[in-house]
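**Student:** See work.txt below, with compact mmCIF, C-alpha atoms.
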# COMPACT_ATOMS: atom_id res chain seq x y z
CA MET V 1 -41.95 25.64 -125.47
CA ASP V 2 -45.06 27.78 -126.10
CA LYS V 3 -47.22 24.70 -125.52
CA LEU V 4 -45.60 24.05 -122.12
CA ILE V 5 -46.19 27.68 -121.12
CA LYS V 6 -49.81 27.59 -122.32
CA GLU V 7 -50.67 24.19 -120.83
CA SER V 8 -49.03 25.05 -117.48
CA ALA V 9 -51.28 28.11 -117.27
CA HIS V 10 -54.43 26.37 -118.54
CA LEU V 11 -54.16 23.05 -116.70
CA LEU V 12 -52.34 24.08 -113.53
CA GLY V 13 -52.77 27.84 -113.16
CA ILE V 14 -48.98 28.27 -113.29
CA ARG V 15 -47.36 31.28 -114.94
CA LEU V 16 -43.82 30.29 -115.87
CA SER V 17 -41.30 33.15 -115.74
CA GLU V 18 -38.71 33.77 -118.45
CA ASN V 19 -36.01 32.37 -116.17
CA GLN V 20 -38.04 29.21 -115.59
CA VAL V 21 -38.66 28.74 -119.33
CA ASP V 22 -34.93 29.23 -119.96
CA ALA V 23 -34.17 26.58 -117.32
CA PHE V 24 -36.48 24.10 -119.06
CA ARG V 25 -34.75 24.86 -122.38
CA VAL V 26 -31.36 24.04 -120.87
CA TYR V 27 -32.82 20.91 -119.21
CA GLU V 28 -34.25 19.51 -122.44
CA LYS V 29 -31.04 20.27 -124.39
CA GLU V 30 -28.87 18.47 -121.83
CA LEU V 31 -31.31 15.57 -121.58
CA LEU V 32 -31.26 15.03 -125.35
CA GLU V 33 -27.45 15.19 -125.49
CA TRP V 34 -26.93 12.80 -122.57
CA ASN V 35 -29.63 10.48 -123.87
CA GLU V 36 -27.59 9.81 -127.01
CA LYS V 37 -24.83 8.31 -124.85
CA PHE V 38 -26.57 6.92 -121.78
CA ASN V 39 -30.20 6.08 -122.67
CA LEU V 40 -31.66 7.97 -119.71
CA THR V 41 -35.22 8.00 -121.02
CA ALA V 42 -37.21 6.35 -123.81
CA ILE V 43 -38.84 9.72 -124.60
CA ARG V 44 -36.64 11.48 -127.16
CA GLU V 45 -38.82 14.01 -129.02
CA LEU V 46 -38.90 17.61 -127.79
CA GLU V 47 -42.66 17.96 -127.59
CA GLN V 48 -42.96 14.66 -125.74
CA ILE V 49 -40.24 15.68 -123.28
CA ARG V 50 -42.11 18.92 -122.62
CA THR V 51 -45.46 17.18 -122.12
CA LYS V 52 -44.66 13.73 -120.72
CA HIS V 53 -41.73 14.82 -118.54
CA PHE V 54 -41.95 18.53 -117.73
CA LEU V 55 -45.71 19.17 -117.68
CA ASP V 56 -46.45 15.77 -116.19
CA SER V 57 -44.02 16.49 -113.35
CA LEU V 58 -45.61 19.88 -112.69
CA THR V 59 -49.07 18.29 -112.26
CA CYS V 60 -48.05 17.45 -108.68
CA VAL V 61 -49.14 20.99 -107.81
CA LEU V 62 -52.74 19.79 -108.18
CA ALA V 63 -52.26 17.81 -104.96
CA TRP V 64 -51.11 20.69 -102.75
CA GLY V 65 -52.60 23.78 -104.36
CA ASP V 66 -51.33 26.99 -102.76
CA LYS V 67 -49.59 25.14 -99.92
CA LYS V 68 -46.14 24.85 -101.47
CA PRO V 69 -43.86 22.21 -99.92
CA SER V 70 -40.80 23.50 -98.08
CA ASN V 71 -39.03 20.18 -98.64
CA LEU V 72 -39.67 17.21 -100.88
CA ILE V 73 -38.06 13.84 -101.60
CA ASP V 74 -38.34 12.20 -105.01
CA ILE V 75 -37.83 8.42 -105.00
CA GLY V 76 -36.56 6.71 -108.16
CA THR V 77 -36.14 10.08 -109.84
CA GLY V 78 -34.45 8.76 -112.99
CA ALA V 79 -33.40 11.82 -115.00
CA GLY V 80 -34.89 14.11 -112.35
CA PHE V 81 -38.65 13.66 -112.67
CA PRO V 82 -40.76 15.00 -111.07
CA GLY V 83 -38.31 16.61 -108.62
CA ILE V 84 -36.24 18.95 -110.80
CA PRO V 85 -39.18 20.52 -112.71
CA LEU V 86 -40.83 21.15 -109.32
CA LYS V 87 -37.58 22.72 -108.08
CA ILE V 88 -37.51 25.00 -111.14
CA LEU V 89 -41.06 26.02 -110.25
CA TYR V 90 -40.31 26.49 -106.52
CA PRO V 91 -36.68 27.70 -106.22
CA ALA V 92 -36.85 27.98 -102.41
CA MET V 93 -37.94 24.36 -101.92
CA ARG V 94 -35.37 21.93 -100.50
CA LEU V 95 -35.17 18.86 -102.69
CA THR V 96 -33.72 15.38 -102.21
CA LEU V 97 -33.44 13.16 -105.29
CA VAL V 98 -32.98 9.42 -104.79
CA GLU V 99 -31.81 7.13 -107.59
CA SER V 100 -30.00 3.77 -107.57
CA VAL V 101 -28.65 3.86 -111.17
CA GLY V 102 -25.27 5.58 -111.38
CA LYS V 103 -25.59 7.19 -114.83
CA LYS V 104 -28.89 8.78 -113.83
CA VAL V 105 -27.37 10.08 -110.60
CA LEU V 106 -24.54 11.66 -112.64
CA PHE V 107 -27.03 13.34 -114.98
CA CYS V 108 -29.04 14.75 -112.08
CA GLN V 109 -25.87 16.14 -110.50
CA HIS V 110 -24.87 17.62 -113.86
CA ILE V 111 -28.18 19.36 -114.53
CA ILE V 112 -28.34 20.73 -110.97
CA GLU V 113 -24.91 22.33 -111.47
CA LYS V 114 -25.83 23.53 -114.97
CA LEU V 115 -29.01 25.22 -113.69
CA LYS V 116 -27.27 26.48 -110.52
CA LEU V 117 -30.03 24.98 -108.35
CA GLU V 118 -29.46 25.41 -104.61
CA HIS V 119 -30.51 23.19 -101.70
CA VAL V 120 -30.69 20.03 -103.82
CA VAL V 121 -29.17 16.73 -102.70
CA VAL V 122 -28.77 13.71 -104.99
CA LEU V 123 -28.40 10.35 -103.28
CA LYS V 124 -27.38 7.07 -104.90
CA ALA V 125 -29.41 4.97 -102.49
CA ARG V 126 -32.39 2.71 -101.95
CA ALA V 127 -35.58 3.96 -100.34
CA GLU V 128 -35.68 1.00 -97.95
CA GLU V 129 -32.39 2.18 -96.42
CA LEU V 130 -33.29 5.86 -96.27
CA GLY V 131 -36.55 5.02 -94.53
CA HIS V 132 -34.57 3.99 -91.43
CA ASP V 133 -32.05 6.86 -91.56
CA PRO V 134 -32.92 9.48 -88.90
CA LYS V 135 -31.87 12.24 -91.33
CA HIS V 136 -34.63 11.18 -93.71
CA ARG V 137 -37.26 9.18 -91.82
CA GLU V 138 -40.45 11.23 -91.40
CA ARG V 139 -38.61 14.44 -92.39
CA TYR V 140 -40.38 15.51 -95.58
CA ASP V 141 -43.51 17.51 -96.36
CA TRP V 142 -44.00 15.35 -99.43
CA ALA V 143 -42.52 12.12 -100.73
CA VAL V 144 -43.22 11.63 -104.44
CA ALA V 145 -42.55 9.04 -107.12
CA ARG V 146 -43.37 8.50 -110.76
CA ALA V 147 -43.51 5.12 -112.52
CA VAL V 148 -41.41 3.33 -109.88
CA ALA V 149 -43.50 0.36 -108.66
CA ASN V 150 -47.04 -0.87 -108.06
CA LEU V 151 -48.68 1.12 -105.29
CA PRO V 152 -48.72 -1.58 -102.55
CA ILE V 153 -44.91 -1.68 -102.97
CA LEU V 154 -44.40 2.03 -103.54
CA VAL V 155 -46.18 3.20 -100.38
CA GLU V 156 -43.65 1.26 -98.29
CA TYR V 157 -40.92 3.36 -99.92
CA LEU V 158 -42.71 6.68 -99.56
CA LEU V 159 -44.74 6.82 -96.35
CA PRO V 160 -41.81 6.23 -93.93
CA LEU V 161 -40.17 9.36 -95.38
CA ALA V 162 -43.18 11.70 -95.04
CA LYS V 163 -43.63 13.58 -91.80
CA ILE V 164 -46.91 13.37 -89.89
CA GLY V 165 -49.07 16.09 -91.39
CA GLY V 166 -47.29 15.67 -94.72
CA GLY V 167 -48.17 13.33 -97.53
CA ILE V 168 -47.22 11.28 -100.56
CA ILE V 169 -47.97 11.55 -104.27
CA ALA V 170 -47.74 8.57 -106.60
CA GLN V 171 -47.98 9.52 -110.28
CA LYS V 172 -49.82 6.69 -111.98
CA GLY V 173 -51.28 5.68 -115.32
CA GLU V 174 -54.67 4.13 -116.00
CA SER V 175 -54.13 1.49 -113.29
CA GLY V 176 -54.11 4.20 -110.61
CA PRO V 177 -57.63 3.60 -109.18
CA ALA V 178 -57.20 -0.20 -109.04
CA GLU V 179 -53.76 0.14 -107.44
CA ALA V 180 -55.09 2.60 -104.88
CA HIS V 181 -57.86 0.19 -103.90
CA LYS V 182 -55.35 -2.65 -103.58
CA ALA V 183 -52.97 -0.52 -101.47
CA GLU V 184 -55.51 0.80 -98.94
CA LYS V 185 -54.59 -1.66 -96.19
CA ALA V 186 -50.84 -1.13 -96.69
CA ILE V 187 -51.31 2.64 -96.55
CA HIS V 188 -53.21 2.32 -93.28
CA VAL V 189 -50.54 0.04 -91.75
CA LEU V 190 -47.81 2.54 -92.70
CA GLY V 191 -49.58 5.51 -91.08
CA GLY V 192 -51.30 6.95 -94.12
CA ARG V 193 -54.80 7.59 -95.40
CA ILE V 194 -55.82 8.05 -99.03
CA ARG V 195 -57.04 11.59 -99.55
CA GLN V 196 -57.96 11.56 -103.22
CA LEU V 197 -57.29 10.33 -106.72
CA ILE V 198 -56.81 13.25 -109.07
CA PRO V 199 -57.37 12.51 -112.78
CA VAL V 200 -54.85 14.31 -115.00
CA MET V 201 -55.51 15.04 -118.66
CA LEU V 202 -52.47 16.08 -120.68
CA ASN V 203 -53.16 17.57 -124.08
CA GLY V 204 -51.98 15.15 -126.76
CA VAL V 205 -51.56 12.22 -124.36
CA ALA V 206 -54.18 9.50 -124.82
CA GLU V 207 -53.40 7.45 -121.70
CA GLU V 208 -55.28 8.17 -118.50
CA ARG V 209 -53.12 9.52 -115.67
CA TYR V 210 -53.77 9.91 -111.96
CA LEU V 211 -52.18 11.43 -108.91
CA VAL V 212 -52.75 9.11 -105.96
CA VAL V 213 -52.54 11.37 -102.90
CA ALA V 214 -52.32 10.07 -99.33
CA ASP V 215 -51.91 12.00 -96.07
CA LYS V 216 -49.50 10.88 -93.36
CA VAL V 217 -51.75 10.77 -90.30
CA ALA V 218 -49.72 8.58 -87.90
CA GLY V 219 -46.15 7.44 -87.36
CA THR V 220 -44.90 4.53 -89.47
CA PRO V 221 -44.15 1.45 -87.29
CA ARG V 222 -40.40 0.91 -86.83
CA LEU V 223 -40.54 -2.37 -88.76
CA TYR V 224 -41.12 -0.48 -92.02
CA PRO V 225 -39.70 -0.21 -94.57
CA ARG V 226 -38.51 -3.80 -94.58
CA ASN V 227 -35.10 -4.86 -95.93
CA VAL V 228 -34.01 -3.92 -99.46
CA GLY V 229 -35.94 -6.03 -101.97
CA THR V 230 -38.52 -7.34 -99.52
CA PRO V 231 -41.32 -4.86 -100.35
CA SER V 232 -41.13 -5.80 -104.06
CA LYS V 233 -41.05 -9.54 -103.35
CA LYS V 234 -43.70 -9.53 -100.61
CA PRO V 235 -45.92 -6.43 -100.96
CA LEU V 236 -48.06 -5.55 -97.96
CA SER V 237 -51.63 -6.68 -98.47
Please go through the file and, once you have read it, give me the structure as structure tokens.
**Tutor:**
Amino acid sequence: MDKLIKESAHLLGIRLSENQVDAFRVYEKELLEWNEKFNLTAIRELEQIRTKHFLDSLTCVLAWGDKKPSNLIDIGTGAGFPGIPLKILYPAMRLTLVESVGKKVLFCQHIIEKLKLEHVVVLKARAEELGHDPKHRERYDWAVARAVANLPILVEYLLPLAKIGGGIIAQKGESGPAEAHKAEKAIHVLGGRIRQLIPVMLNGVAEERYLVVADKVAGTPRLYPRNVGTPSKKPLS
């Protein structure tokens, strides 16, 4: 855990409190135990969980700096990444986690109760449906996702959920720059504009990583998102 504390401070300028470190300890313990039964994540070693899940999730702060989000939606959260680590960091933030796989939804609900996290909602749902729900459409400061889909598909999930003046973060690997270039037209159609690509270097991780950050500058046309499954079959181009 010392490495997570040190790297959070060095890479992100974050000082984790004792309570936050304790929360991450509980999180990793529960994740390892559940993983033996339910195969929630392919990452099973403690140090890799701390770097590739916890620290990687926290790198989202590079996109918003001192302007902490008051509410955030995490699409395809899996075992809670990046949403729950960000909630541990910002206890006052309202968080909505969206996941379509039942066992992962159950784990997220379990860890939220275990950590006594408040103002967190877990939805077993699809982003295409939420994007047309008035309770969620254009309601969030930030819509984020990690390793969910190629960017031309992913932006159709995320941008309808971000409010005008808010934004989206897609956590990407080495294909980030190429995907961003390919998704520019789709982002424009959906009311967004690419702000920046932020390279992320995690100590001990060889692969290149990027945060693709786009601002929501205009309302998303009512047509979008299209029906469940359509964005993945026919990405906007």
**Student:** Could you list, as a short mmCIF file (atom, residue, chain, number, x, y, z; two decimals) with C-alpha atoms, in the frame of the given file, every residue within 12 Å of V:Ala206, counting only C-alpha atoms and ignoring same-chain residues fewer than 2 positions away?
**Tutor:**
data_model
loop_
_atom_site.label_atom_id
_atom_site.label_comp_id
_atom_site.auth_asym_id
_atom_site.auth_seq_id
_atom_site.Cartn_x
_atom_site.Cartn_y
_atom_site.Cartn_z
CA THR V 51 -45.46 17.18 -122.12
CA LYS V 52 -44.66 13.73 -120.72
CA GLY V 173 -51.28 5.68 -115.32
CA GLU V 174 -54.67 4.13 -116.00
CA VAL V 200 -54.85 14.31 -115.00
CA MET V 201 -55.51 15.04 -118.66
CA LEU V 202 -52.47 16.08 -120.68
CA ASN V 203 -53.16 17.57 -124.08
CA GLY V 204 -51.98 15.15 -126.76
CA GLU V 208 -55.28 8.17 -118.50
CA ARG V 209 -53.12 9.52 -115.67
#
**Student:** Determine, counting all atoms listed in the file, which protein, DNA and RNA residues have an atom within 9 Å of an atom of V:Glu156; residues of the same chain fewer than 2 positions away are not included. Present the result as JSON, numbers by chain.
**Tutor:** {"V": [127, 128, 131, 151, 152, 153, 154, 158, 159, 160, 186, 187, 190, 224, 225, 226, 231, 235, 236]}
**Student:** Please determine, counting all atoms listed in the file, which residue among V:Leu12, V:Glu33, V:Asn150, V:Val101 has the shortest atom-to-atom distance to V:Lys234.
**Tutor:**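 For V:Lys234, the nearest of the candidates is V:Asn150.
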**Student:** List the residues sitting within 12 Å of (-48.1, 26.3, -98.7) in the file's frame, using all atoms listed in the file, as a ChimeraX atom specification.
**Tutor:** /V:61,63-71,90,92-93,141-142,166
**Student:** Counting all atoms listed in the file, figure out which residue out of V:Gly176, V:Pro134, V:Gly219, V:Pro82 gets nearest to V:Ile164.
**Tutor:**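 The closest residue to V:Ile164 is V:Gly219.
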**Student:** Can you work out the spacing between atom CA of V:Phe38 and atom CA of V:Val98 in Å, to one decimal?
**Tutor:** 18.3 Å
**Student:** Looking at V:Val228, V:Ile168, V:Val105, V:Val205, which one is nearest to V:Leu40, with distances taken over all atoms listed in the file?
**Tutor:** V:Val105
**Student:** Enter the distance from atom CA of V:Pro91 to atom CA of V:Val213, in Å, rounded to one decimal.
**Tutor:** 23.0 Å
**Student:** State, in Å with one decimal place, the distance from atom CA of V:Ala79 to atom CA of V:Ile111.
**Tutor:** 9.2 Å
**Student:** Looking at all atoms listed in the file, which of V:Val155, V:Gly165, V:Glu129, V:Ala42 is the one that sits closest to V:Ala183?
**Tutor:**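 When distances to V:Ala183 are compared using all atoms listed in the file, the smallest one comes from V:Val155.
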**Student:** Looking at V:Phe107, V:Ile14, V:Arg195, V:Cys60, which one is nearest to V:Leu32, with distances taken over only C-alpha atoms?
**Tutor:**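 Of V:Phe107, V:Ile14, V:Arg195, V:Cys60, the one nearest V:Leu32 is V:Phe107, counting only C-alpha atoms.
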**Student:** Taking 5 positions as the minimum chain separation for residues in the same chain, which residues sit within 6 Å of stretch 73-75 of chain V when counting all atoms listed in the file? Answer as JSON, numbers by chain.
**Tutor:** {"V": [83, 95, 96, 97, 98, 143, 144, 145]}
**Student:** Could you list, as a list in words, every residue within 10 Å of V:Cys108, counting all atoms listed in the file and ignoring same-chain residues fewer than 2 positions away?
**Tutor:**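 Selected residues are Leu31, Thr77, Gly78, Ala79, Gly80, Phe81, Ile84, Leu97, Val98, Glu99, Gly102, Lys103, Lys104, Val105, Leu106, His110, Ile111, Ile112, Glu113, Lys114, Val120, Val121, Val122 and Leu123 of chain V.
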**Student:** Calculated over all atoms listed in the file, which of the candidates V:His136, V:Lys172, V:Lys216, V:Lys182 has the smallest distance to V:Ser57?
**Tutor:**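 Nearest candidate to V:Ser57 out of V:His136, V:Lys172, V:Lys216, V:Lys182: V:Lys172.
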**Student:** So which residues touch V:Gln171 within 7 Å, counting only C-alpha atoms, skipping near sequence neighbours fewer than 6 positions away, as an mmCIF file with C-alpha atoms, in the coordinates of the input?
**Tutor:**
data_model
loop_
_atom_site.group_PDB
_atom_site.id
_atom_site.type_symbol
_atom_site.label_atom_id
_atom_site.label_comp_id
_atom_site.auth_asym_id
_atom_site.auth_seq_id
_atom_site.Cartn_x
_atom_site.Cartn_y
_atom_site.Cartn_z
ATOM 1 C CA ALA V 145 -42.550 9.040 -107.120
ATOM 2 C CA ARG V 146 -43.370 8.500 -110.760
ATOM 3 C CA ALA V 147 -43.510 5.120 -112.520
ATOM 4 C CA TYR V 210 -53.770 9.910 -111.960
ATOM 5 C CA LEU V 211 -52.180 11.430 -108.910
ATOM 6 C CA VAL V 212 -52.750 9.110 -105.960
#
**Student:** Dig up all the protein and nucleic acid residues within 10 Å of (-52.1, 2.0, -89.3) in the file frame, using all atoms listed in the file, and format them as an mmCIF file with C-alpha atoms, in the frame of the given file.
**Tutor:**
data_model
loop_
_atom_site.group_PDB
_atom_site.id
_atom_site.type_symbol
_atom_site.label_atom_id
_atom_site.label_comp_id
_atom_site.auth_asym_id
_atom_site.auth_seq_id
_atom_site.Cartn_x
_atom_site.Cartn_y
_atom_site.Cartn_z
ATOM 1 C CA LYS V 185 -54.590 -1.660 -96.190
ATOM 2 C CA ALA V 186 -50.840 -1.130 -96.690
ATOM 3 C CA ILE V 187 -51.310 2.640 -96.550
ATOM 4 C CA HIS V 188 -53.210 2.320 -93.280
ATOM 5 C CA VAL V 189 -50.540 0.040 -91.750
ATOM 6 C CA LEU V 190 -47.810 2.540 -92.700
ATOM 7 C CA GLY V 191 -49.580 5.510 -91.080
ATOM 8 C CA GLY V 192 -51.300 6.950 -94.120
ATOM 9 C CA ARG V 193 -54.800 7.590 -95.400
ATOM 10 C CA VAL V 217 -51.750 10.770 -90.300
ATOM 11 C CA ALA V 218 -49.720 8.580 -87.900
ATOM 12 C CA GLY V 219 -46.150 7.440 -87.360
ATOM 13 C CA THR V 220 -44.900 4.530 -89.470
ATOM 14 C CA PRO V 221 -44.150 1.450 -87.290
#
